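Okay, so here's the structure we're looking at.
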Amino acid sequence: MPLSRRSLLAAAAAGPVLAAMPLTPAAAYARTAAAQAGTPGDVVGKVTVGYQGWFACPGDGAPINGWWHWSQDWSASPSPSNTAIKAWPDMADYARGYPTAYGNLGSGAPATLFSSYDSQTVGTHFSWMQQNGCDTAALQRFNPNSAEGATRDAMAAKVRSAAEAHDRKFYVMYDVGGWAAMQSELKSDWTGRMSAHTASSAYARQSGKPVVGIWGFGFNDQNHPWSPAECLDVVNWLKSQGCYVMGGVPTYWRTGVSDSRSGYLDVYHAFDMLSPWMIGRIGTAADSDAFYASCTVPDQADCNTHGIDYQPCVLPGDLAERQRAHGDFMWRQFYNVVRAGAQSVYISMFDEFNEGNQIAKTAATPAGVPVNSGFLALDEDGTACSSDYYLRLTADGGAMLKGQLALTATRPTLPVTGGGTGQPPNLALHKPVSESGHTQTYACANAVDDNQDTYWESPNNAFPQWIQVDLQAATALGRLVLTLPPASAWATRTQTLSVLGSTDGSAFTTLVPSTSRTFDPATGNTATVSLPSGASARYVRLVFTANTGWPAGQASEVRLYAS
């Protein structure tokens with residue numbers, strides 16, 4: 001069984017290195033830290049998630065025929081004494097669960113686990129990605145010539161199908177740890193097996209080239225023994241095959257210390273994109289701030305200088321180590337990489353229950369965790385968090401990365417949607433939003449920020465104008481609520497608007513025809529629009545044609561609720 005990256009690299013602890021390295025002020029890099037304009041594609045300007053897809057259970061049909069990555073002994077059922085994971089998944093959305101030897105959940109239900117080999121599992125995961133702004137999945141591929149090879153080949157096909165079905169992108173990312181004959185066998189695997197997947201419309205491309213990732217060159221441990229020449233040969237060979245090559249590299253790649261061997265800078269600079277590893281390096285928001293100064297800003301500057309795309313890692317935190325701080329730890333990382341000028345991020349990881357750093361739906365309370373298992377739920381620090389919280393937080397972080405939310409150090413994502421009041425969730429909250437235009441600082445992001453005192457205002461004296469919310473998946477809708485700031489200074493006004501819906505963002509149908517809506521501060525400056533039965537859309541556009549109070553379209557909150 002492959003070791004986790006974290007256990008493999010535990011010797012390269014971040015603390016001593018941070019203590020030894022001067023924290024270079026970000027201002028020293030002010031001229032170069034603003035990201036050079038990388039060409040938008042399927043990884044630049046996008047949120048990529050690391051996807052393991054490496055869980056199996058006896059009876060699921062997988063060639064490996066065992067409890068793959070769920071337990072230390074794959075031939076024996078997972079139990080408190082035979083476990084390989086650090087967190088428990090929320091099983092509510094899986095069609096099939098496989099019984100384990102754990103005790104029942106706190107709710108009394110049997111403790112079951114999913115299999116990645118079930119196509120429904122992969123489809124569910126990619127549906128979550130679609131709903132939460134995860135653009136691209138990097139499928140981890142370890143030595144395919146091991147006993148796991150046939151199962152990994154099948155997983156590549158399942159990921160391809162799920163990506164095609166859910167309008168996501170994917171690419172193959174080779175994790176070369178422990179792969180003795182890597183230099184020759186990786187080339188054979190690409191030409192003989194994996195390159196066939198580039199025919200898929202869902203295969204990620206950057207600058208017109210299929211993306212291939214390599215994780216592990218230059219790491220300072222016995223599991224990554226290759227010389228710079230051997231590594232450079234593989235990178236350049238893939239580039240000669242017409243590929244855009246992304247490198248998952250050591251944290252200290254630029255300085256060649258700690259987790260990075262010295263003498264590999266030419267290898268690192270040969271990659272088209274660099275993504276330094278961060279799991280096991282930081283565990284608090286303060287750690288993230290320190291890395292911002294000592295690594296992220298100068299790393300971005302180095303990549304700018306050498307024409308390399310930069311993709312820093314963002315991780316939710318090890319749940320078992322209580323690192324998450326109900327999302328504040330992860331949000332601080334998003335804030336730091338965006339303010340450093342990064343155009344892309346790599347989420348470490350989507351389904352890494354082994355290291356406890358998964359954003360996939362996780363048991364929210366002890367009711368969803370096996371009794372006496374030792375696993376923590378997402379509410380471990382006393383803050384209630386929904387099972388999908390870190391997916392939603394990723395969606396908001398991605399929106400900030402893409403400029404759809406203003407840069408902010410304050411986490412906008414609510415740990416539990418609806419605020420725990422019994423109200424249905426606002427589906428538009430912090431979702432990507434676009435506009436026909438805005439005046440001064442009154443941008444469209446203000447209309448989905450859960451703050452009624454901020455607002456969107458279109459260009460003046462230029463009707464019609466529109467604002468549009470991307471729900472990130474087609475959704476059955478029942479009600480739209482529009483607000484203006486509640487202050488009495490906002491005198492009563494009537495706005496005339498129509499509601500349009502679309503599944504693709506280009507072809508729209510009218511959900512509600514143009515109608516006058518009154519906003520009165522005496523009743524909260526709120527207008528509710530009932531949507532017709534059967535209304536469903538991913539993109540919801542409001543088109544404003546008149547306003548009796550000001551010559552522009554205005555909205556402080558656009559709230560959408562399910563049918």
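Chains: A, B, ... in order of the structure tokens. Residues: from 1 per chain. Ligands: from 1, in order shown.
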
Using only C-alpha atoms, which residues sit within 10 Å of Tyr264 in chain A once same-chain residues fewer than 6 positions away are excluded, as a list in words? Phe217, Gly218, Phe219, Ser227, Pro228, Ala229, Cys231, Leu232, Trp253, Arg254, Thr255 and Gly256 of chain A

Would you export the selected residues with C-alpha atoms as a compact mmCIF listing (two decimals), in the first residue's frame, please?
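Listing of part_39.txt after writing:
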```
# COMPACT_ATOMS: atom_id res chain seq x y z
CA PHE A 217 10.50 15.13 -8.44
CA GLY A 218 13.20 16.55 -6.21
CA PHE A 219 11.82 15.44 -2.84
CA SER A 227 18.82 12.43 -10.44
CA PRO A 228 18.08 15.84 -11.94
CA ALA A 229 18.97 14.45 -15.38
CA CYS A 231 13.73 13.95 -13.94
CA LEU A 232 14.46 16.51 -16.62
CA TRP A 253 11.79 23.94 -4.28
CA ARG A 254 13.12 27.45 -4.91
CA THR A 255 15.80 27.36 -2.21
CA GLY A 256 16.67 23.65 -2.40
```

For range 223-279 of chain A versus range 137-154 of chain A, which residues have an atom no more than 12 Å away, and what is each residue's nearest atom pair and distance in Å rounded to one decimal, using only C-alpha atoms, chain-then-number order, as CSV?
```
residue,atom,partner,partner_atom,distance
A:Met246,CA,A:Ala138,CA,10.3
A:Gly247,CA,A:Ala138,CA,11.7
A:Gly248,CA,A:Ala138,CA,11.0
```

Quick one: which range 431-483 of chain A residues come within 10 Å of range 376-400 of chain A, and what is the nearest atom pair for each with the distance in Å to one decimal, counting only C-alpha atoms, rows ordered by chain and ascending number, as CSV?
```
residue,atom,partner,partner_atom,distance
A:Lys431,CA,A:Asp396,CA,7.0
A:Pro432,CA,A:Ala399,CA,5.9
A:Val433,CA,A:Ala399,CA,8.8
A:Ala445,CA,A:Ala399,CA,9.5
A:Gln472,CA,A:Ala395,CA,9.5
```

Which parts of range 190-377 of chain A does DSSP call strand (DSSP E or B) when run on the backbone here, written out as a count of residues only? 31

Which of these residues is nearest to Asn132 in chain A, using only C-alpha atoms: A:Ser373, A:Thr48, A:Ser195, A:Ser81? A:Thr48

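Between Ser288 in chain A and the residues A:Trp331, A:Tyr171, A:Phe55, A:Trp466, the shortest atom-to-atom distance, using only C-alpha atoms, involves A:Trp331.
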
Interatomic distance, CA of Gln130 in chain A to CA of Ala157 in chain A (Å, one decimal):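 Interatomic distance, CA of Gln130 in chain A to CA of Ala157 in chain A: 18.6 Å.
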
Test item, alpha helix (DSSP H) assignment across range 7-254 of chain A, answer as a compact mmCIF listing (two decimals) with C-alpha atoms, in the first residue's frame:
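To be explicit, this is the file written out as selection_36.txt:
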```txt
# COMPACT_ATOMS: atom_id res chain seq x y z
CA SER A 7 3.89 10.25 6.44
CA LEU A 8 6.46 9.89 3.71
CA ALA A 14 8.12 23.15 8.39
CA GLY A 15 8.88 24.61 11.80
CA PRO A 16 12.69 24.49 11.87
CA VAL A 17 12.91 25.80 8.33
CA LEU A 18 10.62 28.72 9.04
CA ALA A 19 12.65 29.53 12.11
CA ALA A 20 15.87 29.50 10.09
CA ALA A 30 5.72 44.20 -4.96
CA ARG A 31 6.71 44.65 -8.59
CA THR A 32 6.82 40.95 -9.46
CA ALA A 33 4.31 39.39 -7.07
CA SER A 119 -19.56 4.54 -10.79
CA GLN A 120 -22.28 6.19 -8.71
CA THR A 121 -19.63 7.21 -6.17
CA VAL A 122 -17.49 8.93 -8.77
CA GLY A 123 -20.56 10.55 -10.28
CA THR A 124 -21.58 11.83 -6.86
CA HIS A 125 -18.13 13.30 -6.27
CA PHE A 126 -18.12 15.08 -9.63
CA SER A 127 -21.63 16.35 -8.97
CA TRP A 128 -20.31 17.92 -5.76
CA MET A 129 -17.46 19.45 -7.75
CA GLN A 130 -19.94 20.89 -10.24
CA GLN A 131 -22.12 22.34 -7.50
CA GLY A 149 -2.74 -1.30 -11.99
CA ALA A 150 -5.97 -2.81 -13.32
CA THR A 151 -8.05 -1.04 -10.71
CA ARG A 152 -6.34 2.27 -11.42
CA ASP A 153 -6.93 1.83 -15.17
CA ALA A 154 -10.63 1.30 -14.48
CA MET A 155 -10.74 4.36 -12.21
CA ALA A 156 -9.33 6.53 -15.01
CA ALA A 157 -12.23 5.47 -17.24
CA LYS A 158 -14.78 6.12 -14.48
CA VAL A 159 -13.35 9.58 -13.80
CA ARG A 160 -13.49 10.37 -17.50
CA SER A 161 -17.16 9.40 -17.70
CA ALA A 162 -18.07 11.38 -14.59
CA ALA A 163 -16.22 14.47 -15.80
CA GLU A 164 -18.01 14.30 -19.14
CA ALA A 165 -21.38 13.87 -17.44
CA MET A 182 9.56 5.37 -13.42
CA GLN A 183 11.70 6.94 -16.13
CA SER A 184 10.83 4.36 -18.79
CA GLU A 185 7.51 3.04 -17.49
CA LEU A 186 5.84 6.45 -17.16
CA LYS A 187 6.51 7.11 -20.83
CA SER A 188 5.09 3.72 -21.81
CA ASP A 189 2.03 4.22 -19.63
CA TRP A 190 1.33 7.59 -21.17
CA THR A 191 1.66 6.48 -24.79
CA GLY A 192 0.07 3.05 -24.29
CA PRO A 228 18.08 15.84 -11.94
CA ALA A 229 18.97 14.45 -15.38
CA GLU A 230 16.47 11.60 -15.08
CA CYS A 231 13.73 13.95 -13.94
CA LEU A 232 14.46 16.51 -16.62
CA ASP A 233 14.38 13.77 -19.25
CA VAL A 234 10.81 12.82 -18.29
CA VAL A 235 9.56 16.42 -18.17
CA ASN A 236 11.07 17.26 -21.54
CA TRP A 237 9.81 14.01 -23.07
CA LEU A 238 6.23 14.80 -22.06
CA LYS A 239 6.61 18.30 -23.46
CA SER A 240 7.89 16.78 -26.71
```

Residues within 8 Å of Trp68 in chain A, please, as a list in words. Count only C-alpha atoms; anything in the same chain fewer than 3 positions from it doesn't count. Trp54, Phe55, Ala56, Cys57, Ile64, Asn65, Ser71 and Trp74 of chain A

Written file, previous selection with C-alpha atoms, as a CSV table (one decimal), in the first residue's frame:
```csv
chain,number,residue,atom,x,y,z
A,54,TRP,CA,-8.5,4.9,-4.4
A,55,PHE,CA,-11.1,3.4,-2.1
A,56,ALA,CA,-12.4,-0.1,-2.7
A,57,CYS,CA,-14.4,-2.7,-0.8
A,64,ILE,CA,-8.0,-5.4,-6.3
A,65,ASN,CA,-10.8,-7.2,-4.3
A,71,SER,CA,-7.7,-0.4,6.3
A,74,TRP,CA,-6.8,-4.8,3.0
```

Write out as a list in words each polymer residue whose atoms come within 12 Å of Glu435 in chain A, counting only C-alpha atoms; drop sequence neighbours fewer than 5 positions from it.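 With the cut-off at 12 Å, the set is Gln404, Tyr442, Ala443, Cys444, Ala445, Asn446, Ala447, Trp456, Glu457, Ser458, Pro459, Pro464, Gln465, Trp466, Ile467, Gln468, Val469, Asp470, Val540, Arg541, Leu542, Val543, Phe544, Gly553, Gln554 and Ala555 of chain A.
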
Write out, as a short mmCIF file (atom, residue, chain, number, x, y, z; two decimals), in the first residue's frame, the residues just selected, with C-alpha atoms.
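Below is the file selection_35.cif, written as the result:
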```cif
data_model
loop_
_atom_site.label_atom_id
_atom_site.label_comp_id
_atom_site.auth_asym_id
_atom_site.auth_seq_id
_atom_site.Cartn_x
_atom_site.Cartn_y
_atom_site.Cartn_z
CA GLN A 404 -16.24 37.21 -8.35
CA TYR A 442 -21.12 48.98 -6.37
CA ALA A 443 -20.16 45.67 -8.01
CA CYS A 444 -22.35 42.61 -8.45
CA ALA A 445 -20.54 40.60 -5.73
CA ASN A 446 -22.30 42.85 -3.21
CA ALA A 447 -25.61 41.21 -4.14
CA TRP A 456 -25.06 46.39 -6.71
CA GLU A 457 -25.88 49.38 -8.87
CA SER A 458 -25.75 49.25 -12.65
CA PRO A 459 -24.43 52.01 -14.89
CA PRO A 464 -31.71 47.73 -19.76
CA GLN A 465 -29.17 46.35 -17.26
CA TRP A 466 -28.76 42.88 -15.75
CA ILE A 467 -27.23 40.89 -12.91
CA GLN A 468 -26.77 37.11 -13.10
CA VAL A 469 -26.12 34.36 -10.54
CA ASP A 470 -24.48 31.04 -11.46
CA VAL A 540 -30.60 33.14 -13.21
CA ARG A 541 -30.55 36.60 -14.78
CA LEU A 542 -32.53 39.64 -13.61
CA VAL A 543 -33.08 42.25 -16.33
CA PHE A 544 -33.92 45.75 -15.08
CA GLY A 553 -30.84 48.69 -11.58
CA GLN A 554 -30.21 48.17 -7.86
CA ALA A 555 -30.08 45.16 -5.54
#
```

Neighbouring residues of Ala491 in chain A were defined as those with any atom within 12 Å, considering only C-alpha atoms; residues of the same chain fewer than 3 positions away were excluded. Please report them as a ChimeraX atom specification. /A:484-488,494,518-525,547-550

Find the residues near range 335-352 of chain A: any atom within 8 Å, counting only C-alpha atoms, skip ones fewer than 2 places away on the same chain, and give them as an NGL selection string. :A and (33-35 or 38 or 43-53 or 275 or 279 or 288-289 or 292 or 296-297 or 300 or 310-316 or 331-333 or 354-360 or 397 or 400-402 or 407-409)

Quick one: distance from CA of Gln72 in chain A to CA of Asp60 in chain A in Å, one decimal?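 Atom-to-atom, CA of Gln72 in chain A to CA of Asp60 in chain A, that is 18.6 Å.
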
So which one's closest to Gly478 in chain A, A:Ser530, A:Thr510, A:Ser200, A:Gln440? Using only C-alpha atoms, please.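 Residue with the minimum atom-to-atom distance to Gly478 in chain A: A:Ser530.
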
Atomic distance CA of Asp449 in chain A - CA of Arg411 in chain A, expressed in Å with one decimal: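 Atom-to-atom, CA of Asp449 in chain A to CA of Arg411 in chain A, that is 10.9 Å.
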
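Minimum distance to Val448 in chain A across A:His269, A:His224, A:Arg538, A:His430 (counting only C-alpha atoms) occurs at A:His430.
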